[in-house]
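Have a look at the structure below, then the notes.
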Amino acid sequence: MSAAHEKTVTDFCNSLLGRDMNKLVSYLSEDVFYHNMPWQPVNGHAGVRQVLTAFVEGPKISLEKMEIKHTSSAGDVVMNERLEHWAAGSVKVQLPVLGVFTFNDKGKISRWCDYFDAKTIAPMMDVLK
């Protein structure tokens, strides 16, 4: 199952480029636990939408490129290291991220934790204010 889960995680991460929240949440279980470190965790599709809509579908910020550097898995857990290239007008940020994804028995991502340095993404957050 690990190879299939690795492909799902890669497809999921690349779906961020499509700017479609419906597509993004289709990879997630209804009760998904999502923790975008270092901020507070959320649960469910509504929680994910609350945190990510401004980034995925918002008019001010866009993800321009997703580079998945490494992927590793064991059983129902997949980890990936990636470099996300974000833009907001003239502000550009390259955000290194480590993601940890856990799958449920239905093949959906039921736990998603992304680890990154909040200082790196701070210029993007200023654009959202």
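Lettering and numbering for the structure tokens are positional, with chains as A, B, ... in the shown order, residues counted from 1 in each chain, and ligands counted from 1 in the shown order.
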Pick out the residues sitting within 10 Å of Asn104 in chain A, and hand them over as an mmCIF file with N, CA and C atoms, in the first residue's frame; count only C-alpha atoms, and ignore anything fewer than 3 positions along from it in its own chain.
```cif
data_model
loop_
_atom_site.group_PDB
_atom_site.id
_atom_site.type_symbol
_atom_site.label_atom_id
_atom_site.label_comp_id
_atom_site.auth_asym_id
_atom_site.auth_seq_id
_atom_site.Cartn_x
_atom_site.Cartn_y
_atom_site.Cartn_z
ATOM 1 N N LEU A 28 -8.947 13.946 1.275
ATOM 2 C CA LEU A 28 -8.971 13.910 2.733
ATOM 3 C C LEU A 28 -10.213 13.227 3.266
ATOM 4 N N SER A 29 -10.063 12.535 4.393
ATOM 5 C CA SER A 29 -11.241 11.975 5.067
ATOM 6 C C SER A 29 -12.098 13.125 5.604
ATOM 7 N N VAL A 32 -10.674 14.562 8.830
ATOM 8 C CA VAL A 32 -9.227 14.746 8.794
ATOM 9 C C VAL A 32 -8.749 15.670 9.924
ATOM 10 N N ASP A 76 0.879 2.902 6.578
ATOM 11 C CA ASP A 76 -0.103 3.922 6.233
ATOM 12 C C ASP A 76 0.403 5.344 6.420
ATOM 13 N N VAL A 77 1.708 5.512 6.605
ATOM 14 C CA VAL A 77 2.282 6.842 6.818
ATOM 15 C C VAL A 77 3.234 7.182 5.672
ATOM 16 N N GLY A 107 -8.334 4.633 2.244
ATOM 17 C CA GLY A 107 -7.389 5.233 1.319
ATOM 18 C C GLY A 107 -7.405 6.751 1.287
ATOM 19 N N LYS A 108 -8.031 7.349 2.289
ATOM 20 C CA LYS A 108 -8.070 8.815 2.392
ATOM 21 C C LYS A 108 -7.048 9.282 3.428
ATOM 22 N N ILE A 109 -6.543 10.488 3.237
ATOM 23 C CA ILE A 109 -5.628 11.083 4.209
ATOM 24 C C ILE A 109 -6.448 11.495 5.419
ATOM 25 N N SER A 110 -6.140 10.898 6.565
ATOM 26 C CA SER A 110 -6.907 11.174 7.782
ATOM 27 C C SER A 110 -6.146 12.062 8.773
ATOM 28 N N ARG A 111 -4.862 12.198 8.543
ATOM 29 C CA ARG A 111 -4.032 13.073 9.386
ATOM 30 C C ARG A 111 -2.977 13.689 8.482
#
```
Could you give me, as number ranges by chain, the residues within 12 Å of Val78 in chain A, counting only C-alpha atoms and dropping anything in the same chain fewer than 3 positions from it?
A: 1-10, 12, 70-75, 81, 98-103, 109-114
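The closest residue to Asn22 in chain A, picked from A:Lys60, A:Arg49, A:Leu95, A:Tyr34 and counting only C-alpha atoms, is A:Arg49.
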Just list as a ChimeraX atom specification whatever in range 8-117 of chain A DSSP marks as helix (DSSP H, G or I).
/A:8-18,21-26,44-56
Output as JSON, numbers by chain all residues of range 1-125 of chain A that backbone DSSP marks as strand (DSSP E).
{"A": [28, 29, 30, 31, 32, 33, 34, 35, 36, 42, 43, 62, 63, 64, 65, 66, 67, 68, 69, 70, 71, 72, 73, 74, 77, 78, 79, 80, 81, 82, 83, 84, 85, 86, 87, 88, 91, 92, 93, 94, 95, 96, 97, 98, 99, 100, 101, 102, 103, 109, 110, 111, 112, 113, 114, 115]}
Write to file, as a short mmCIF file (atom, residue, chain, number, x, y, z; two decimals), in the first residue's frame, the residues of the selection just made, with C-alpha atoms.
```cif
data_model
loop_
_atom_site.label_atom_id
_atom_site.label_comp_id
_atom_site.auth_asym_id
_atom_site.auth_seq_id
_atom_site.Cartn_x
_atom_site.Cartn_y
_atom_site.Cartn_z
CA LEU A 28 -8.97 13.91 2.73
CA SER A 29 -11.24 11.97 5.07
CA GLU A 30 -14.29 13.90 6.30
CA ASP A 31 -12.82 13.94 9.82
CA VAL A 32 -9.23 14.75 8.79
CA PHE A 33 -6.90 16.18 11.44
CA TYR A 34 -4.81 18.96 9.88
CA HIS A 35 -1.99 20.74 11.66
CA ASN A 36 -0.17 23.42 9.72
CA VAL A 42 -8.16 22.00 12.72
CA ASN A 43 -10.48 19.11 11.96
CA SER A 62 -0.64 31.84 -5.48
CA LEU A 63 1.45 28.72 -5.36
CA GLU A 64 3.59 28.87 -8.49
CA LYS A 65 5.60 25.67 -8.19
CA MET A 66 5.78 22.53 -6.05
CA GLU A 67 9.06 20.62 -5.86
CA ILE A 68 8.81 17.31 -4.04
CA LYS A 69 12.38 16.50 -3.08
CA HIS A 70 11.99 13.22 -1.18
CA THR A 71 9.18 10.83 -0.30
CA SER A 72 9.32 8.02 2.23
CA SER A 73 6.66 5.69 3.58
CA ALA A 74 5.98 2.84 5.96
CA VAL A 77 2.28 6.84 6.82
CA VAL A 78 3.93 8.91 4.07
CA MET A 79 6.43 11.70 4.63
CA ASN A 80 7.64 14.12 2.02
CA GLU A 81 10.10 16.98 1.86
CA ARG A 82 9.09 19.67 -0.56
CA LEU A 83 9.86 23.21 -1.62
CA GLU A 84 6.82 25.37 -2.29
CA HIS A 85 7.24 28.54 -4.39
CA TRP A 86 4.66 31.17 -3.35
CA ALA A 87 4.00 34.60 -4.87
CA ALA A 88 1.95 37.62 -3.92
CA VAL A 91 6.67 39.19 -2.87
CA LYS A 92 8.12 35.73 -3.55
CA VAL A 93 8.80 33.03 -0.96
CA GLN A 94 10.40 29.62 -1.24
CA LEU A 95 9.00 27.59 1.66
CA PRO A 96 10.71 24.34 2.70
CA VAL A 97 8.06 21.98 4.12
CA LEU A 98 8.11 18.53 5.69
CA GLY A 99 4.73 16.83 5.44
CA VAL A 100 3.53 13.78 7.35
CA PHE A 101 0.38 12.07 6.05
CA THR A 102 -1.52 9.16 7.60
CA PHE A 103 -4.10 7.17 5.64
CA ILE A 109 -5.63 11.08 4.21
CA SER A 110 -6.91 11.17 7.78
CA ARG A 111 -4.03 13.07 9.39
CA TRP A 112 -1.93 15.76 7.72
CA CYS A 113 0.81 17.69 9.48
CA ASP A 114 3.07 20.18 7.70
CA TYR A 115 6.19 21.47 9.43
#
```
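With CA of Leu17 in chain A on one side and CA of Val56 in chain A on the other, the separation reads 7.7 Å.
Using only C-alpha atoms for every distance, the candidate list A:Cys13, A:Pro123, A:Asp117, A:Met21 yields A:Met21 as the residue closest to Phe55 in chain A.
The spacing separating CA of Phe116 in chain A from CA of Pro38 in chain A amounts to 7.6 Å.
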